[in-house]
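**Q** For reference, the file entry.pdb (PDB, C-alpha atoms) is included below:
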ATOM      1  CA  MET A   1     257.457 172.610  60.201
ATOM      2  CA  LYS A   2     253.995 173.988  60.906
ATOM      3  CA  ARG A   3     252.479 171.606  58.354
ATOM      4  CA  GLN A   4     254.212 168.663  60.063
ATOM      5  CA  GLY A   5     252.550 169.676  63.345
ATOM      6  CA  PHE A   6     249.153 169.555  61.656
ATOM      7  CA  ARG A   7     249.861 166.070  60.291
ATOM      8  CA  VAL A   8     250.752 164.766  63.746
ATOM      9  CA  ARG A   9     247.689 166.472  65.229
ATOM     10  CA  ASP A  10     245.445 165.009  62.527
ATOM     11  CA  MET A  11     246.914 161.535  63.025
ATOM     12  CA  LEU A  12     246.332 161.748  66.796
ATOM     13  CA  ILE A  13     242.749 162.881  66.245
ATOM     14  CA  PHE A  14     242.221 160.003  63.800
ATOM     15  CA  LEU A  15     243.686 157.404  66.146
ATOM     16  CA  GLY A  16     241.946 158.762  69.242
ATOM     17  CA  ILE A  17     238.501 158.820  67.678
ATOM     18  CA  MET A  18     238.856 155.468  65.914
ATOM     19  CA  ILE A  19     240.111 153.688  69.056
ATOM     20  CA  SER A  20     237.394 155.317  71.177
ATOM     21  CA  CYS A  21     234.730 154.337  68.669
ATOM     22  CA  PHE A  22     236.009 150.758  68.487
ATOM     23  CA  LEU A  23     236.007 150.398  72.282
ATOM     24  CA  LEU A  24     232.583 152.023  72.583
ATOM     25  CA  SER A  25     231.234 149.672  69.914
ATOM     26  CA  LEU A  26     232.646 146.644  71.720
ATOM     27  CA  LEU A  27     231.007 147.886  74.921
ATOM     28  CA  MET A  28     227.653 148.391  73.154
ATOM     29  CA  GLN A  29     227.793 144.949  71.567
ATOM     30  CA  LYS A  30     229.011 142.931  74.554
ATOM     31  CA  THR A  31     227.491 144.757  77.508
ATOM     32  CA  PHE A  32     224.313 146.349  76.238
ATOM     33  CA  HIS A  33     223.641 143.885  73.399
ATOM     34  CA  ILE A  34     222.871 146.601  70.820
ATOM     35  CA  PRO A  35     225.031 145.658  67.823
ATOM     36  CA  GLU A  36     222.861 147.502  65.298
ATOM     37  CA  GLN A  37     224.223 150.862  66.495
ATOM     38  CA  VAL A  38     227.849 149.966  65.732
ATOM     39  CA  THR A  39     227.713 151.216  62.136
ATOM     40  CA  THR A  40     226.086 154.455  63.304
ATOM     41  CA  SER A  41     228.897 154.961  65.829
ATOM     42  CA  PHE A  42     231.518 154.510  63.138
ATOM     43  CA  ALA A  43     229.634 156.852  60.788
ATOM     44  CA  PHE A  44     229.737 159.468  63.554
ATOM     45  CA  ALA A  45     233.471 158.820  63.990
ATOM     46  CA  VAL A  46     233.979 159.404  60.249
ATOM     47  CA  PHE A  47     232.058 162.672  60.545
ATOM     48  CA  LEU A  48     234.120 163.853  63.542
ATOM     49  CA  ILE A  49     237.426 162.970  61.923
ATOM     50  CA  SER A  50     236.435 164.690  58.679
ATOM     51  CA  LEU A  51     235.355 167.750  60.650
ATOM     52  CA  LEU A  52     238.410 168.025  62.905
ATOM     53  CA  THR A  53     241.212 167.250  60.433
ATOM     54  CA  ASP A  54     242.520 169.057  57.366
ATOM     55  CA  GLY A  55     241.718 167.857  53.871
ATOM     56  CA  TYR A  56     240.057 164.663  52.758
ATOM     57  CA  PHE A  57     242.757 162.103  53.547
ATOM     58  CA  TRP A  58     241.890 161.412  57.189
ATOM     59  CA  GLY A  59     238.136 161.376  56.599
ATOM     60  CA  LEU A  60     238.402 158.886  53.750
ATOM     61  CA  GLY A  61     240.884 156.879  55.803
ATOM     62  CA  ALA A  62     238.360 156.831  58.652
ATOM     63  CA  ALA A  63     235.634 155.662  56.254
ATOM     64  CA  ALA A  64     237.805 152.812  54.928
ATOM     65  CA  SER A  65     238.988 151.847  58.421
ATOM     66  CA  SER A  66     235.444 151.925  59.753
ATOM     67  CA  ILE A  67     234.162 149.622  57.040
ATOM     68  CA  LEU A  68     236.995 147.170  57.642
ATOM     69  CA  LEU A  69     236.519 147.267  61.434
ATOM     70  CA  VAL A  70     232.734 146.863  61.247
ATOM     71  CA  ASN A  71     233.079 144.045  58.714
ATOM     72  CA  TYR A  72     235.840 142.290  60.670
ATOM     73  CA  ALA A  73     234.838 142.718  64.320
ATOM     74  CA  PHE A  74     231.113 143.415  64.383
ATOM     75  CA  THR A  75     229.572 141.474  61.488
ATOM     76  CA  PHE A  76     228.934 137.733  61.465
ATOM     77  CA  PRO A  77     231.098 135.728  60.910
ATOM     78  CA  TYR A  78     233.145 137.609  63.524
ATOM     79  CA  PHE A  79     236.860 138.252  63.008
ATOM     80  CA  GLU A  80     236.702 137.427  59.319
ATOM     81  CA  LEU A  81     236.354 139.797  56.410
ATOM     82  CA  ASN A  82     233.216 139.145  54.375
ATOM     83  CA  PHE A  83     232.419 141.561  51.551
ATOM     84  CA  THR A  84     229.478 139.574  50.184
ATOM     85  CA  ILE A  85     227.001 141.267  52.536
ATOM     86  CA  PRO A  86     225.175 144.091  50.647
ATOM     87  CA  SER A  87     224.767 146.249  53.761
ATOM     88  CA  ASN A  88     228.572 146.495  54.042
ATOM     89  CA  PHE A  89     228.782 148.011  50.561
ATOM     90  CA  TYR A  90     225.989 150.447  51.391
ATOM     91  CA  SER A  91     227.732 151.410  54.655
ATOM     92  CA  ALA A  92     230.994 151.972  52.766
ATOM     93  CA  VAL A  93     229.321 154.306  50.282
ATOM     94  CA  VAL A  94     227.528 156.251  53.022
ATOM     95  CA  MET A  95     230.689 156.650  55.117
ATOM     96  CA  ALA A  96     232.719 157.766  52.086
ATOM     97  CA  LEU A  97     230.028 160.332  51.256
ATOM     98  CA  ILE A  98     230.009 161.568  54.855
ATOM     99  CA  ALA A  99     233.795 161.963  54.724
ATOM    100  CA  VAL A 100     233.824 163.800  51.386
ATOM    101  CA  MET A 101     230.900 166.108  52.180
ATOM    102  CA  THR A 102     232.158 166.987  55.652
ATOM    103  CA  GLY A 103     235.686 167.518  54.328
ATOM    104  CA  ALA A 104     234.362 169.796  51.575
ATOM    105  CA  LEU A 105     232.256 171.838  53.988
ATOM    106  CA  THR A 106     235.102 172.113  56.494
ATOM    107  CA  THR A 107     237.509 173.226  53.769
ATOM    108  CA  LYS A 108     235.006 175.814  52.546
ATOM    109  CA  VAL A 109     234.452 177.189  56.057
ATOM    110  CA  LYS A 110     238.200 177.431  56.682
ATOM    111  CA  HIS A 111     238.653 179.231  53.349
ATOM    112  CA  GLN A 112     235.881 181.697  54.230
ATOM    113  CA  GLU A 113     237.437 182.299  57.665
ATOM    114  CA  ALA A 114     240.790 182.992  56.017
ATOM    115  CA  MET A 115     239.142 185.430  53.599
ATOM    116  CA  ARG A 116     237.334 187.160  56.483
ATOM    117  CA  ALA A 117     240.591 187.458  58.426
ATOM    118  CA  GLN A 118     242.288 188.913  55.343
ATOM    119  CA  ALA A 119     239.459 191.441  54.903
ATOM    120  CA  GLU A 120     239.723 192.465  58.567
ATOM    121  CA  LYS A 121     243.470 192.846  58.135
ATOM    122  CA  GLU A 122     242.916 195.114  55.115
ATOM    123  CA  ILE A 123     240.410 197.223  57.064
ATOM    124  CA  MET A 124     242.886 197.589  59.927
ATOM    125  CA  ARG A 125     245.617 198.506  57.453
ATOM    126  CA  ALA A 126     243.426 201.160  55.815
ATOM    127  CA  ASN A 127     242.469 202.606  59.218
ATOM    128  CA  LEU A 128     246.125 202.706  60.244
ATOM    129  CA  LEU A 129     247.084 204.473  57.013
ATOM    130  CA  ARG A 130     244.325 207.053  57.554
ATOM    131  CA  ALA A 131     245.485 207.685  61.121
ATOM    132  CA  ILE A 132     249.129 207.935  60.065
ATOM    133  CA  SER A 133     248.374 210.306  57.201
ATOM    134  CA  HIS A 134     246.368 212.521  59.573
ATOM    135  CA  ASP A 135     249.166 212.505  62.150
ATOM    136  CA  LEU A 136     251.709 213.400  59.450
ATOM    137  CA  ARG A 137     249.578 216.131  57.863
ATOM    138  CA  THR A 138     249.000 218.064  61.114
ATOM    139  CA  PRO A 139     252.640 219.085  61.732
ATOM    140  CA  MET A 140     253.229 219.589  58.003
ATOM    141  CA  THR A 141     250.275 221.982  57.806
ATOM    142  CA  THR A 142     251.569 223.934  60.819
ATOM    143  CA  ILE A 143     255.085 224.106  59.372
ATOM    144  CA  SER A 144     253.835 225.140  55.937
ATOM    145  CA  GLY A 145     251.519 227.792  57.356
ATOM    146  CA  PHE A 146     254.115 229.365  59.635
ATOM    147  CA  ILE A 147     256.911 229.311  57.023
ATOM    148  CA  GLY A 148     254.520 230.764  54.433
ATOM    149  CA  GLY A 149     253.438 233.453  56.899
ATOM    150  CA  ILE A 150     257.052 234.408  57.625
ATOM    151  CA  LEU A 151     258.055 234.421  53.931
ATOM    152  CA  ASP A 152     254.979 236.403  52.871
ATOM    153  CA  GLY A 153     255.556 238.975  55.626
ATOM    154  CA  VAL A 154     252.178 238.252  57.271
ATOM    155  CA  ILE A 155     253.884 237.428  60.587
ATOM    156  CA  PRO A 156     255.651 240.420  62.166
ATOM    157  CA  GLU A 157     259.453 240.152  62.391
ATOM    158  CA  GLU A 158     259.471 240.312  66.222
ATOM    159  CA  GLU A 159     257.381 237.087  66.311
ATOM    160  CA  HIS A 160     259.585 235.144  63.860
ATOM    161  CA  ALA A 161     261.653 233.554  66.651
ATOM    162  CA  HIS A 162     258.511 232.237  68.376
ATOM    163  CA  TYR A 163     257.078 230.798  65.155
ATOM    164  CA  LEU A 164     260.424 229.318  64.118
ATOM    165  CA  LYS A 165     260.545 227.598  67.524
ATOM    166  CA  VAL A 166     257.054 226.146  66.869
ATOM    167  CA  VAL A 167     258.208 225.056  63.381
ATOM    168  CA  SER A 168     261.264 223.366  64.937
ATOM    169  CA  GLU A 169     259.065 221.522  67.474
ATOM    170  CA  GLU A 170     256.762 220.367  64.683
ATOM    171  CA  VAL A 171     259.762 219.152  62.632
ATOM    172  CA  HIS A 172     260.911 217.101  65.657
ATOM    173  CA  ARG A 173     257.373 215.751  66.116
ATOM    174  CA  LEU A 174     257.257 214.811  62.445
ATOM    175  CA  SER A 175     260.665 213.139  62.729
ATOM    176  CA  ARG A 176     259.482 211.064  65.744
ATOM    177  CA  LEU A 177     256.380 209.987  63.826
ATOM    178  CA  VAL A 178     258.427 208.925  60.787
ATOM    179  CA  THR A 179     260.911 207.055  63.020
ATOM    180  CA  ALA A 180     258.069 205.240  64.783
ATOM    181  CA  LEU A 181     256.519 204.386  61.429
ATOM    182  CA  LEU A 182     259.814 202.979  60.164
ATOM    183  CA  ASP A 183     260.237 200.948  63.379
ATOM    184  CA  VAL A 184     256.762 199.446  62.939
ATOM    185  CA  SER A 185     257.465 198.584  59.301
ATOM    186  CA  ARG A 186     260.725 196.869  60.319
ATOM    187  CA  LEU A 187     258.879 194.790  62.932
ATOM    188  CA  GLN A 188     256.458 193.517  60.307
TER     189      GLN A 188
END
Please, can you express the file's structure as structure tokens?
**A**
Amino acid sequence: MKRQGFRVRDMLIFLGIMISCFLLSLLMQKTFHIPEQVTTSFAFAVFLISLLTDGYFWGLGAAASSILLVNYAFTFPYFELNFTIPSNFYSAVVMALIAVMTGALTTKVKHQEAMRAQAEKEIMRANLLRAISHDLRTPMTTISGFIGGILDGVIPEEEHAHYLKVVSEEVHRLSRLVTALLDVSRLQ
């Protein structure tokens, strides 16, 4: 389902940029009389689409669409496809290269970001494990020390009740920590 959302998003980006570029190119050609910048506008559209979408499909689609639109609407004879003009072939190659290179760089950056996020996750996990092991060791050390002291006869018999109460409190603390740890693991 998540992948489907990306496809719709990518298609909307593709359509939005291509339509905007086409309208901007018409405006440049008809109003400002600067038709030589049309191919540059479409090359920029190919770059943006390749940058903002996932994979190579939309970038290469933008390159092919751009060549067809420039050839059909902005190259003489207007509103006819004419592939005999050498500059159209050159433009097609350049736009395809822009799409592939931008798609490759974008994919590489996204992969590196995913690896960085995974490394940060591992660091957080290691820090959490260190904190948990410390929090578990503290009551266990207290319990072990007091029980050992009682069994070895180091602690006087009149103080046994006090130390057993401390041991009981530490056992409850340890139990709460383990329960909280189990709750967190269930949430994940």
**Q** Determine the nearest neighbour of A:Phe44 from the options A:Phe32, A:Phe22, A:Tyr163, A:Tyr56, counting all atoms listed in the file.
**A** A:Phe22
**Q** To one decimal place in Å, what is the distance between atom CA of A:Ser133 and atom CA of A:Val154?
**A** 28.2 Å
**Q** If you measure from atom CA of A:Ala131 to atom CA of A:Val184, what distance in Å do you get, rounded to one decimal?
**A** 14.1 Å
**Q** By how many Å are atom CA of A:Phe57 and atom CA of A:Ser25 apart?
**A** 23.6 Å
**Q** How would you write, as a tab-separated table (two decimals) with C-alpha atoms, in the frame of the given file, the residues chosen by the PyMOL selection byres ((chain A and resi 55) around 12) on this structure?
**A**
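selection17.tsv was written with the following content:
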chain	number	residue	atom	x	y	z
A	6	PHE	CA	249.15	169.56	61.66
A	7	ARG	CA	249.86	166.07	60.29
A	10	ASP	CA	245.44	165.01	62.53
A	49	ILE	CA	237.43	162.97	61.92
A	50	SER	CA	236.44	164.69	58.68
A	51	LEU	CA	235.36	167.75	60.65
A	52	LEU	CA	238.41	168.02	62.90
A	53	THR	CA	241.21	167.25	60.43
A	54	ASP	CA	242.52	169.06	57.37
A	56	TYR	CA	240.06	164.66	52.76
A	57	PHE	CA	242.76	162.10	53.55
A	58	TRP	CA	241.89	161.41	57.19
A	59	GLY	CA	238.14	161.38	56.60
A	60	LEU	CA	238.40	158.89	53.75
A	61	GLY	CA	240.88	156.88	55.80
A	99	ALA	CA	233.80	161.96	54.72
A	100	VAL	CA	233.82	163.80	51.39
A	101	MET	CA	230.90	166.11	52.18
A	102	THR	CA	232.16	166.99	55.65
A	103	GLY	CA	235.69	167.52	54.33
A	104	ALA	CA	234.36	169.80	51.58
A	105	LEU	CA	232.26	171.84	53.99
A	106	THR	CA	235.10	172.11	56.49
A	107	THR	CA	237.51	173.23	53.77
A	108	LYS	CA	235.01	175.81	52.55
A	110	LYS	CA	238.20	177.43	56.68
A	111	HIS	CA	238.65	179.23	53.35
**Q** Which residues are close to stretch 78-88 of chain A, i.e. within 12 Å by only C-alpha atoms, leaving aside same-chain residues fewer than 4 positions away? Reply as a PyMOL selection string.
**A** chain A and resi 36+39+63-64+66-74+92-95
**Q** Report as a PDB file with C-alpha atoms, keeping the file's coordinate frame all protein, DNA and RNA residues lying within 8 Å of A:Glu170, evaluated on all atoms listed in the file, omitting residues in the same chain fewer than 2 positions from it.
**A**
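Wrote result.pdb, looks like this:
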ATOM      1  CA  PRO A 139     252.640 219.085  61.732  1.00  0.00           C
ATOM      2  CA  MET A 140     253.229 219.589  58.003  1.00  0.00           C
ATOM      3  CA  THR A 142     251.569 223.934  60.819  1.00  0.00           C
ATOM      4  CA  ILE A 143     255.085 224.106  59.372  1.00  0.00           C
ATOM      5  CA  VAL A 166     257.054 226.146  66.869  1.00  0.00           C
ATOM      6  CA  VAL A 167     258.208 225.056  63.381  1.00  0.00           C
ATOM      7  CA  SER A 168     261.264 223.366  64.937  1.00  0.00           C
ATOM      8  CA  HIS A 172     260.911 217.101  65.657  1.00  0.00           C
ATOM      9  CA  ARG A 173     257.373 215.751  66.116  1.00  0.00           C
ATOM     10  CA  LEU A 174     257.257 214.811  62.445  1.00  0.00           C
TER      11      LEU A 174
END
**Q** Please determine, counting only C-alpha atoms, which residue among A:Ser91, A:Ala180, A:Gln118, A:Arg9 has the shortest atom-to-atom distance to A:Thr40.
**A** A:Ser91
**Q** Could you give me stretch 39-50 of chain A completed to all heavy atoms, formatted as a tab-separated table (two decimals), in the frame of the given file?
**A**
chain	number	residue	atom	x	y	z
A	39	THR	N	227.45	150.50	63.39
A	39	THR	CA	227.71	151.22	62.14
A	39	THR	C	227.44	152.71	62.30
A	39	THR	O	228.18	153.55	61.79
A	39	THR	CB	226.85	150.64	61.01
A	39	THR	OG1	227.10	149.24	60.92
A	39	THR	CG2	227.18	151.27	59.68
A	40	THR	N	226.40	153.05	63.05
A	40	THR	CA	226.09	154.46	63.30
A	40	THR	C	227.22	155.12	64.08
A	40	THR	O	227.59	156.27	63.79
A	40	THR	CB	224.77	154.57	64.09
A	40	THR	OG1	223.75	153.86	63.39
A	40	THR	CG2	224.36	156.01	64.28
A	41	SER	N	227.77	154.42	65.05
A	41	SER	CA	228.90	154.96	65.83
A	41	SER	C	230.09	155.24	64.93
A	41	SER	O	230.74	156.28	65.04
A	41	SER	CB	229.30	153.99	66.94
A	41	SER	OG	228.25	153.79	67.82
A	42	PHE	N	230.39	154.32	64.05
A	42	PHE	CA	231.52	154.51	63.14
A	42	PHE	C	231.23	155.62	62.11
A	42	PHE	O	232.14	156.36	61.73
A	42	PHE	CB	231.90	153.20	62.45
A	42	PHE	CG	232.79	152.33	63.31
A	42	PHE	CD1	232.25	151.29	64.05
A	42	PHE	CD2	234.14	152.57	63.39
A	42	PHE	CE1	233.07	150.51	64.85
A	42	PHE	CE2	234.97	151.80	64.19
A	42	PHE	CZ	234.43	150.77	64.92
A	43	ALA	N	229.99	155.75	61.69
A	43	ALA	CA	229.63	156.85	60.79
A	43	ALA	C	229.85	158.19	61.50
A	43	ALA	O	230.36	159.16	60.90
A	43	ALA	CB	228.19	156.72	60.32
A	44	PHE	N	229.50	158.25	62.78
A	44	PHE	CA	229.74	159.47	63.55
A	44	PHE	C	231.24	159.72	63.71
A	44	PHE	O	231.69	160.87	63.65
A	44	PHE	CB	229.05	159.37	64.93
A	44	PHE	CG	229.16	160.62	65.74
A	44	PHE	CD1	228.55	161.80	65.31
A	44	PHE	CD2	229.88	160.63	66.91
A	44	PHE	CE1	228.66	162.96	66.04
A	44	PHE	CE2	230.00	161.79	67.66
A	44	PHE	CZ	229.38	162.96	67.23
A	45	ALA	N	232.01	158.68	63.89
A	45	ALA	CA	233.47	158.82	63.99
A	45	ALA	C	234.04	159.38	62.69
A	45	ALA	O	234.91	160.26	62.71
A	45	ALA	CB	234.12	157.47	64.32
A	46	VAL	N	233.54	158.89	61.55
A	46	VAL	CA	233.98	159.40	60.25
A	46	VAL	C	233.65	160.89	60.14
A	46	VAL	O	234.48	161.71	59.71
A	46	VAL	CB	233.32	158.61	59.10
A	46	VAL	CG1	233.55	159.29	57.76
A	46	VAL	CG2	233.85	157.18	59.07
A	47	PHE	N	232.46	161.26	60.57
A	47	PHE	CA	232.06	162.67	60.54
A	47	PHE	C	232.99	163.52	61.41
A	47	PHE	O	233.48	164.57	60.97
A	47	PHE	CB	230.61	162.80	61.03
A	47	PHE	CG	230.19	164.22	61.26
A	47	PHE	CD1	229.91	165.05	60.19
A	47	PHE	CD2	230.07	164.72	62.54
A	47	PHE	CE1	229.53	166.37	60.39
A	47	PHE	CE2	229.69	166.03	62.76
A	47	PHE	CZ	229.42	166.86	61.68
A	48	LEU	N	233.24	163.09	62.64
A	48	LEU	CA	234.12	163.85	63.54
A	48	LEU	C	235.53	163.99	62.98
A	48	LEU	O	236.12	165.09	63.01
A	48	LEU	CB	234.18	163.19	64.92
A	48	LEU	CG	232.99	163.40	65.84
A	48	LEU	CD1	233.19	162.64	67.14
A	48	LEU	CD2	232.78	164.88	66.11
A	49	ILE	N	236.07	162.92	62.47
A	49	ILE	CA	237.43	162.97	61.92
A	49	ILE	C	237.48	163.89	60.71
A	49	ILE	O	238.39	164.70	60.58
A	49	ILE	CB	237.93	161.55	61.59
A	49	ILE	CG1	238.16	160.76	62.89
A	49	ILE	CG2	239.19	161.58	60.74
A	49	ILE	CD1	238.38	159.29	62.72
A	50	SER	N	236.49	163.81	59.85
A	50	SER	CA	236.44	164.69	58.68
A	50	SER	C	236.29	166.15	59.09
A	50	SER	O	236.84	167.04	58.44
A	50	SER	CB	235.27	164.31	57.77
A	50	SER	OG	235.43	163.01	57.29
